>>> print(open('target_17.txt').read())   # compact mmCIF, C-alpha atoms
# COMPACT_ATOMS: atom_id res chain seq x y z
CA PRO A 1 0.00 0.00 0.00
CA ASP A 2 1.13 3.55 -0.73
CA GLN A 3 0.49 6.88 0.97
CA ILE A 4 -2.81 7.41 -0.86
CA SER A 5 -4.06 3.97 0.26
CA PHE A 6 -3.15 4.60 3.90
CA ASN A 7 -4.71 8.06 3.87
CA ALA A 8 -7.94 6.72 2.43
CA ALA A 9 -8.03 3.95 5.04
CA ILE A 10 -7.36 6.37 7.92
CA SER A 11 -10.07 8.69 6.63
CA ALA A 12 -12.50 5.76 6.40
CA CYS A 13 -11.69 4.82 10.00
CA SER A 14 -12.34 8.41 11.05
CA LYS A 15 -15.78 8.42 9.47
CA GLY A 16 -16.50 4.99 10.96
CA GLY A 17 -15.53 5.96 14.49
CA GLN A 18 -12.53 3.63 14.57
CA TRP A 19 -9.97 5.97 16.10
CA GLN A 20 -7.69 3.23 17.47
CA THR A 21 -7.47 1.56 14.06
CA ALA A 22 -6.72 4.95 12.50
CA LEU A 23 -3.82 5.45 14.92
CA GLN A 24 -2.51 1.95 14.23
CA LEU A 25 -2.54 2.60 10.49
CA LEU A 26 -0.64 5.85 11.04
CA CYS A 27 1.97 4.03 13.14
CA ASP A 28 2.29 1.29 10.50
CA MET A 29 3.29 3.71 7.74
CA ILE A 30 6.87 4.64 8.69
CA PRO A 31 8.21 1.08 9.39
CA ILE A 32 7.27 -0.02 5.87
CA GLY A 33 8.77 3.07 4.24
CA VAL A 34 5.57 5.02 3.57
CA PRO A 35 6.01 8.52 5.03
CA PRO A 36 2.85 10.02 6.51
CA ASN A 37 1.90 13.50 5.33
CA VAL A 38 -0.38 16.25 6.57
CA VAL A 39 -3.43 14.37 5.27
CA SER A 40 -2.45 11.24 7.21
CA PHE A 41 -2.09 13.10 10.48
CA SER A 42 -5.11 15.35 9.96
CA SER A 43 -7.35 12.35 9.29
CA ALA A 44 -6.02 10.59 12.39
CA ILE A 45 -6.60 13.73 14.46
CA ASP A 46 -10.12 13.90 13.07
CA ALA A 47 -10.69 10.26 14.05
CA CYS A 48 -9.59 10.98 17.63
CA GLY A 49 -11.70 14.12 17.74
CA ARG A 50 -14.85 12.35 16.61
CA ALA A 51 -14.32 9.76 19.35
CA GLY A 52 -13.83 12.43 22.02
CA GLU A 53 -10.15 11.53 22.44
CA TRP A 54 -8.97 15.13 22.64
CA ALA A 55 -5.67 14.31 24.38
CA GLN A 56 -4.69 11.93 21.58
CA ALA A 57 -5.69 14.54 19.00
CA LEU A 58 -3.48 17.19 20.62
CA CYS A 59 -0.61 14.73 20.94
CA LEU A 60 -0.72 14.01 17.20
CA LEU A 61 -0.84 17.72 16.43
CA SER A 62 2.27 18.33 18.55
CA ILE A 63 4.16 15.47 16.87
CA MET A 64 3.66 16.80 13.34
CA PRO A 65 6.31 19.60 13.40
CA GLN A 66 8.84 17.19 14.95
CA LEU A 67 8.52 15.07 11.80
CA GLY A 68 8.79 18.08 9.53
CA ILE A 69 5.06 18.05 8.74
CA MET A 70 3.40 21.42 9.14
CA PRO A 71 -0.23 21.33 10.32
CA ASN A 72 -2.82 22.98 8.09
CA ALA A 73 -6.27 24.41 8.80
CA PHE A 74 -7.88 20.95 8.71
CA SER A 75 -5.35 19.64 11.26
CA PHE A 76 -6.13 22.46 13.66
CA ASN A 77 -9.87 22.38 13.04
CA SER A 78 -9.98 18.69 13.84
CA ALA A 79 -8.09 19.31 17.09
CA VAL A 80 -10.33 22.26 17.97
CA SER A 81 -13.39 20.13 17.28
CA ALA A 82 -12.03 17.46 19.62
CA CYS A 83 -11.68 20.07 22.37
CA GLY A 84 -15.12 21.45 21.53
CA ARG A 85 -16.81 18.10 22.06
CA GLN A 86 -15.34 17.87 25.56
CA GLY A 87 -15.75 21.52 26.56
CA CYS A 88 -11.99 22.14 26.79
CA TRP A 89 -12.45 25.82 26.01
CA GLU A 90 -9.03 27.07 27.11
CA LEU A 91 -7.27 24.53 24.90
CA ALA A 92 -9.55 25.39 21.97
CA ILE A 93 -8.77 29.10 22.29
CA ALA A 94 -5.06 28.33 22.64
CA LEU A 95 -5.20 26.35 19.38
CA LEU A 96 -6.98 29.20 17.64
CA GLU A 97 -4.30 31.65 18.79
CA ARG A 98 -1.55 29.23 17.79
CA MET A 99 -3.02 29.05 14.30
CA GLU A 100 -2.85 32.83 14.01
CA SER A 101 0.76 32.86 15.22
CA MET A 102 1.60 30.40 12.41
CA TYR A 103 -0.28 32.51 9.83
CA ILE A 104 -2.87 29.76 9.40
CA TRP A 105 -6.03 31.81 9.52
CA PRO A 106 -8.93 30.35 11.47
CA ASP A 107 -12.08 29.83 9.44
CA VAL A 108 -15.75 29.37 10.32
CA PHE A 109 -15.09 25.73 11.34
CA THR A 110 -12.35 26.80 13.77
CA TYR A 111 -14.56 29.39 15.40
CA SER A 112 -17.60 27.11 15.55
CA GLY A 113 -15.59 24.45 17.38
CA THR A 114 -14.13 27.00 19.78
CA ILE A 115 -17.53 28.57 20.47
CA LYS A 116 -18.93 25.10 21.10
CA ALA A 117 -16.12 24.40 23.58
CA CYS A 118 -16.89 27.63 25.44
CA GLY A 119 -20.59 26.84 25.50
CA ARG A 120 -20.11 23.36 26.91
CA ALA A 121 -17.94 24.80 29.65
CA GLY A 122 -20.58 27.42 30.52
CA ARG A 123 -18.45 30.30 29.19
CA TRP A 124 -21.17 32.08 27.26
CA GLN A 125 -19.39 35.46 27.44
CA LYS A 126 -16.35 33.95 25.72
CA ALA A 127 -18.61 32.41 23.09
CA MET A 128 -20.23 35.77 22.35
CA ALA A 129 -16.83 37.48 22.22
CA LEU A 130 -15.66 34.91 19.65
CA LEU A 131 -18.77 35.53 17.56
CA ASP A 132 -18.01 39.27 17.57
CA ARG A 133 -14.39 38.53 16.73
CA MET A 134 -15.44 36.60 13.65
CA TRP A 135 -17.11 39.69 12.22
CA MET A 136 -14.10 41.84 13.09
CA LEU A 137 -11.79 39.51 11.16
CA GLY A 138 -14.12 39.09 8.20
CA VAL A 139 -15.08 35.48 8.96
CA LEU A 140 -18.81 35.22 8.28
CA PRO A 141 -20.64 33.08 10.88
CA ASP A 142 -22.92 30.35 9.54
CA ALA A 143 -25.88 28.61 11.18
CA VAL A 144 -23.54 26.21 13.00
CA ALA A 145 -21.49 29.02 14.56
CA TYR A 146 -24.62 30.95 15.52
CA GLY A 147 -26.23 27.79 16.88
CA ALA A 148 -23.19 27.11 19.04
CA ALA A 149 -23.37 30.68 20.40
CA ILE A 150 -27.10 30.41 21.15
CA SER A 151 -26.50 27.06 22.86
CA ALA A 152 -23.80 28.69 24.98
CA CYS A 153 -26.27 31.40 26.02
CA GLU A 154 -28.89 28.73 26.74
CA LYS A 155 -26.56 26.88 29.10
CA GLY A 156 -25.94 30.15 30.92
CA GLY A 157 -29.65 31.00 31.06
CA GLU A 158 -28.93 34.18 29.11
CA TRP A 159 -32.17 34.49 27.14
CA VAL A 160 -31.59 38.13 26.13
CA ALA A 161 -28.23 37.28 24.58
CA ALA A 162 -29.72 34.23 22.86
CA LEU A 163 -32.46 36.32 21.27
CA ARG A 164 -29.89 38.92 20.22
CA VAL A 165 -27.98 36.26 18.31
CA LEU A 166 -31.18 35.01 16.70
CA ASP A 167 -32.01 38.58 15.67
CA GLU A 168 -28.50 39.02 14.24
CA MET A 169 -29.03 35.93 12.12
CA HIS A 170 -32.20 37.45 10.68
CA GLN A 171 -30.40 40.75 10.10
CA PHE A 172 -27.64 39.07 8.09
CA ARG A 173 -29.97 36.60 6.37
CA VAL A 174 -28.55 33.48 7.93
CA SER A 175 -31.41 30.98 8.24
CA PRO A 176 -31.71 29.55 11.77
CA ASP A 177 -32.04 25.77 11.97
CA VAL A 178 -33.90 23.71 14.56
CA VAL A 179 -30.84 23.76 16.86
CA CYS A 180 -30.83 27.58 16.92
CA PHE A 181 -34.55 27.87 17.64
CA SER A 182 -34.63 25.06 20.19
CA ALA A 183 -31.67 26.48 22.11
CA ALA A 184 -33.27 29.94 22.11
CA ILE A 185 -36.58 28.50 23.38
CA SER A 186 -34.70 26.66 26.12
CA ALA A 187 -32.84 29.86 27.04
CA CYS A 188 -36.19 31.63 27.45
CA GLU A 189 -37.43 28.74 29.56
CA LYS A 190 -34.43 29.00 31.86
CA GLY A 191 -34.96 32.76 32.04
CA GLU A 192 -38.62 32.14 33.00
CA ARG A 193 -39.86 33.93 29.88
CA TYR A 194 -42.60 31.56 28.80
CA ASP A 195 -44.09 34.25 26.54
CA CYS A 196 -40.90 34.52 24.47
CA ALA A 197 -40.54 30.74 24.38
CA LEU A 198 -44.08 30.34 23.00
CA ASP A 199 -43.56 33.16 20.51
CA LEU A 200 -40.51 31.38 19.10
CA LEU A 201 -42.33 28.05 18.90
CA ASP A 202 -45.32 29.71 17.21
CA PHE A 203 -42.99 31.31 14.69
CA MET A 204 -41.53 27.91 13.87
CA LEU A 205 -45.01 26.43 13.45
CA LEU A 206 -46.41 29.27 11.37
CA SER A 207 -43.41 30.01 9.15
CA GLY A 208 -43.11 26.42 7.97
CA GLY A 209 -39.41 26.88 7.39
CA VAL A 210 -38.07 24.92 10.37
CA ALA A 211 -40.09 22.13 11.94
CA PRO A 212 -39.83 21.95 15.75
CA ASN A 213 -38.56 18.72 17.24
CA ALA A 214 -39.12 17.09 20.63
CA PHE A 215 -36.51 19.33 22.28
CA SER A 216 -38.24 22.46 20.93
CA PHE A 217 -41.61 21.38 22.30
CA ASN A 218 -40.21 20.16 25.62
CA ALA A 219 -38.47 23.47 26.24
CA ALA A 220 -41.67 25.38 25.47
CA ILE A 221 -43.74 23.06 27.69
CA SER A 222 -41.21 23.48 30.51
CA ALA A 223 -41.44 27.26 30.05
CA CYS A 224 -45.21 27.06 30.45
CA GLU A 225 -44.80 24.94 33.56
CA ARG A 226 -42.45 27.50 35.07
CA GLY A 227 -44.88 30.27 34.26
CA GLY A 228 -47.86 28.41 35.69
CA ARG A 229 -49.47 28.23 32.24
CA TRP A 230 -50.69 24.66 32.26
CA GLU A 231 -53.39 25.37 29.65
CA GLN A 232 -50.77 26.34 27.06
CA ALA A 233 -48.67 23.33 27.98
CA LEU A 234 -51.59 20.96 27.36
CA ARG A 235 -52.35 22.71 24.07
CA LEU A 236 -48.91 21.78 22.76
CA LEU A 237 -49.25 18.01 23.23
CA PRO A 238 -51.83 17.43 20.44
CA ILE A 239 -49.80 19.71 18.14
CA MET A 240 -46.78 17.49 18.72
CA GLN A 241 -48.78 14.41 17.83
CA ARG A 242 -50.26 16.05 14.75
CA LEU A 243 -46.77 16.87 13.49
CA GLY A 244 -45.53 13.34 14.17
CA VAL A 245 -43.29 14.42 17.07
CA ALA A 246 -43.62 11.75 19.73
CA PRO A 247 -43.99 13.15 23.27
CA ASP A 248 -41.48 11.67 25.71
CA VAL A 249 -41.35 11.50 29.49
CA VAL A 250 -40.21 15.15 29.65
CA SER A 251 -43.25 16.27 27.63
>>> encode(input="target_17.txt", output="structure tokens")
Amino acid sequence: PDQISFNAAISACSKGGQWQTALQLLCDMIPIGVPPNVVSFSSAIDACGRAGEWAQALCLLSIMPQLGIMPNAFSFNSAVSACGRQGCWELAIALLERMESMYIWPDVFTYSGTIKACGRAGRWQKAMALLDRMWMLGVLPDAVAYGAAISACEKGGEWVAALRVLDEMHQFRVSPDVVCFSAAISACEKGERYDCALDLLDFMLLSGGVAPNAFSFNAAISACERGGRWEQALRLLPIMQRLGVAPDVVS
């Protein structure tokens, strides 16, 4: 097998969640005289990241320069994503800054992963600052980046900030997906703003653009419960069933 064969196999392992096999393939390359390249390492880092093995991902990233292989944006993005999945926000930000120091400019994937890391660690202010920084540097946020920021606000119970992000999406014509709306509804629920939560759910139902899922409905029902609006909560159950959204124990 040659370099292309190994790279394809490592990439396949990454997509299949076989991070240990991906690492073994990477280790097998040098002894048989097939030098790994940036694609080999980046795919292995991606495999570790998808499996939540952030320490392994960072280890591979640090090894690359020692072998004379310079990381590229995909290498860093895969490592940032690994940190993002585990909420290692300080490491994610450090990677972003390291990219800039190497003149490898972070893109929307880098920022989305870093914002996600901040959100999972409850650092919603950091997430919002990163979103602002994207605009300053000319990196246009997409629905994933905005969704990560809204989710960060939701975890912090910051409903005003969540709605501000949703409004910014509308202003810049970025279509919110179900993750964005659901996280915003949940933020309103945590902020005890059942009226805002129901307004958002009604918008989803009436616009027809984004269909609410079980999480959307559950957050709205919980908001009604917090606000003592049991009538509205009961009204939502038949709507769920009509739309084919199965109520769960939370509902």
>>> atom_distance(input="target_17.txt", atom1="atom CA of Trp124 of chain A", atom2="atom CA of Met136 of chain A")
18.6 Å
>>> residues_around(input="target_17.txt", residues="segment 13-27 of chain A", least_positions_apart="2", cutoff="7 Å", atoms="only C-alpha atoms", output="list in words")
Phe6, Ala9, Ile10, Ser11, Met29, Ile30, Ser40, Ser43, Ala44, Asp46, Ala47, Cys48, Arg50 and Ala51 of chain A
>>> residues_around(input="target_17.txt", residues="Cys224 of chain A", least_positions_apart="6", cutoff="10 Å", atoms="all atoms listed in the file", output="PyMOL selection string")
chain A and resi 189+192-195+197-198+218+230-234
>>> closest_residue(input="target_17.txt", among="A:Met70, A:Cys188, A:Met128, A:Ala145", to="Thr110 of chain A", atoms="all atoms listed in the file")
A:Ala145
>>> atom_distance(input="target_17.txt", atom1="atom CA of Met99 of chain A", atom2="atom CA of Ser62 of chain A")
12.7 Å
>>> closest_residue(input="target_17.txt", among="A:Asn77, A:Ser112, A:Gln125, A:Ser5", to="Asp142 of chain A", atoms="only C-alpha atoms")
A:Ser112
>>> residues_around(input="target_17.txt", residues="Pro247 of chain A", least_positions_apart="6", cutoff="12 Å", atoms="all atoms listed in the file", output="MDAnalysis selection string")
chainID A and resid 213:218 221 234 236:241
>>> residues_around(input="target_17.txt", residues="Val174 of chain A", least_positions_apart="2", cutoff="7 Å", atoms="all atoms listed in the file", output="MDAnalysis selection string")
chainID A and resid 142:143 169:170 172 176
>>> residues_near_point(input="target_17.txt", point="(-40.8, 24.6, 12.2)", cutoff="12 Å", atoms="only C-alpha atoms", output="mmCIF file with C-alpha atoms, keeping the file's coordinate frame")
data_model
loop_
_atom_site.group_PDB
_atom_site.id
_atom_site.type_symbol
_atom_site.label_atom_id
_atom_site.label_comp_id
_atom_site.auth_asym_id
_atom_site.auth_seq_id
_atom_site.Cartn_x
_atom_site.Cartn_y
_atom_site.Cartn_z
ATOM 1 C CA PRO A 176 -31.710 29.550 11.770
ATOM 2 C CA ASP A 177 -32.040 25.770 11.970
ATOM 3 C CA VAL A 178 -33.900 23.710 14.560
ATOM 4 C CA VAL A 179 -30.840 23.760 16.860
ATOM 5 C CA CYS A 180 -30.830 27.580 16.920
ATOM 6 C CA PHE A 181 -34.550 27.870 17.640
ATOM 7 C CA SER A 182 -34.630 25.060 20.190
ATOM 8 C CA LEU A 200 -40.510 31.380 19.100
ATOM 9 C CA LEU A 201 -42.330 28.050 18.900
ATOM 10 C CA ASP A 202 -45.320 29.710 17.210
ATOM 11 C CA PHE A 203 -42.990 31.310 14.690
ATOM 12 C CA MET A 204 -41.530 27.910 13.870
ATOM 13 C CA LEU A 205 -45.010 26.430 13.450
ATOM 14 C CA LEU A 206 -46.410 29.270 11.370
ATOM 15 C CA SER A 207 -43.410 30.010 9.150
ATOM 16 C CA GLY A 208 -43.110 26.420 7.970
ATOM 17 C CA GLY A 209 -39.410 26.880 7.390
ATOM 18 C CA VAL A 210 -38.070 24.920 10.370
ATOM 19 C CA ALA A 211 -40.090 22.130 11.940
ATOM 20 C CA PRO A 212 -39.830 21.950 15.750
ATOM 21 C CA ASN A 213 -38.560 18.720 17.240
ATOM 22 C CA ALA A 214 -39.120 17.090 20.630
ATOM 23 C CA SER A 216 -38.240 22.460 20.930
ATOM 24 C CA PHE A 217 -41.610 21.380 22.300
ATOM 25 C CA ILE A 239 -49.800 19.710 18.140
ATOM 26 C CA MET A 240 -46.780 17.490 18.720
ATOM 27 C CA LEU A 243 -46.770 16.870 13.490
ATOM 28 C CA VAL A 245 -43.290 14.420 17.070
#
>>> build_atoms(input="target_17.txt", residues="segment 148-160 of chain A", atoms="N, CA, C and O atoms", output="PDB file, keeping the file's coordinate frame")
ATOM      1  N   ALA A 148     -24.084  27.377  17.904  1.00  0.00           N
ATOM      2  CA  ALA A 148     -23.190  27.110  19.040  1.00  0.00           C
ATOM      3  C   ALA A 148     -23.224  28.263  20.038  1.00  0.00           C
ATOM      4  O   ALA A 148     -23.200  28.052  21.256  1.00  0.00           O
ATOM      5  N   ALA A 149     -23.308  29.501  19.524  1.00  0.00           N
ATOM      6  CA  ALA A 149     -23.370  30.680  20.400  1.00  0.00           C
ATOM      7  C   ALA A 149     -24.685  30.718  21.169  1.00  0.00           C
ATOM      8  O   ALA A 149     -24.711  31.010  22.376  1.00  0.00           O
ATOM      9  N   ILE A 150     -25.793  30.417  20.474  1.00  0.00           N
ATOM     10  CA  ILE A 150     -27.100  30.410  21.150  1.00  0.00           C
ATOM     11  C   ILE A 150     -27.126  29.304  22.207  1.00  0.00           C
ATOM     12  O   ILE A 150     -27.639  29.501  23.309  1.00  0.00           O
ATOM     13  N   SER A 151     -26.557  28.157  21.889  1.00  0.00           N
ATOM     14  CA  SER A 151     -26.500  27.060  22.860  1.00  0.00           C
ATOM     15  C   SER A 151     -25.683  27.450  24.086  1.00  0.00           C
ATOM     16  O   SER A 151     -26.003  27.065  25.216  1.00  0.00           O
ATOM     17  N   ALA A 152     -24.614  28.214  23.856  1.00  0.00           N
ATOM     18  CA  ALA A 152     -23.800  28.690  24.980  1.00  0.00           C
ATOM     19  C   ALA A 152     -24.623  29.613  25.877  1.00  0.00           C
ATOM     20  O   ALA A 152     -24.561  29.522  27.115  1.00  0.00           O
ATOM     21  N   CYS A 153     -25.409  30.492  25.253  1.00  0.00           N
ATOM     22  CA  CYS A 153     -26.270  31.400  26.020  1.00  0.00           C
ATOM     23  C   CYS A 153     -27.345  30.596  26.771  1.00  0.00           C
ATOM     24  O   CYS A 153     -27.683  30.914  27.919  1.00  0.00           O
ATOM     25  N   GLU A 154     -27.862  29.567  26.120  1.00  0.00           N
ATOM     26  CA  GLU A 154     -28.890  28.730  26.740  1.00  0.00           C
ATOM     27  C   GLU A 154     -28.356  28.065  27.998  1.00  0.00           C
ATOM     28  O   GLU A 154     -29.032  28.032  29.036  1.00  0.00           O
ATOM     29  N   LYS A 155     -27.133  27.551  27.929  1.00  0.00           N
ATOM     30  CA  LYS A 155     -26.560  26.880  29.100  1.00  0.00           C
ATOM     31  C   LYS A 155     -26.337  27.865  30.247  1.00  0.00           C
ATOM     32  O   LYS A 155     -26.344  27.472  31.416  1.00  0.00           O
ATOM     33  N   GLY A 156     -26.128  29.129  29.892  1.00  0.00           N
ATOM     34  CA  GLY A 156     -25.940  30.150  30.920  1.00  0.00           C
ATOM     35  C   GLY A 156     -27.242  30.812  31.337  1.00  0.00           C
ATOM     36  O   GLY A 156     -27.230  31.718  32.180  1.00  0.00           O
ATOM     37  N   GLY A 157     -28.360  30.391  30.740  1.00  0.00           N
ATOM     38  CA  GLY A 157     -29.650  31.000  31.060  1.00  0.00           C
ATOM     39  C   GLY A 157     -29.768  32.432  30.584  1.00  0.00           C
ATOM     40  O   GLY A 157     -30.595  33.192  31.103  1.00  0.00           O
ATOM     41  N   GLU A 158     -28.953  32.801  29.598  1.00  0.00           N
ATOM     42  CA  GLU A 158     -28.930  34.180  29.110  1.00  0.00           C
ATOM     43  C   GLU A 158     -29.875  34.324  27.913  1.00  0.00           C
ATOM     44  O   GLU A 158     -29.466  34.339  26.754  1.00  0.00           O
ATOM     45  N   TRP A 159     -31.168  34.462  28.207  1.00  0.00           N
ATOM     46  CA  TRP A 159     -32.170  34.490  27.140  1.00  0.00           C
ATOM     47  C   TRP A 159     -32.076  35.749  26.289  1.00  0.00           C
ATOM     48  O   TRP A 159     -32.315  35.709  25.077  1.00  0.00           O
ATOM     49  N   VAL A 160     -31.707  36.880  26.899  1.00  0.00           N
ATOM     50  CA  VAL A 160     -31.590  38.130  26.130  1.00  0.00           C
ATOM     51  C   VAL A 160     -30.479  37.998  25.089  1.00  0.00           C
ATOM     52  O   VAL A 160     -30.651  38.370  23.917  1.00  0.00           O
TER      53      VAL A 160
END
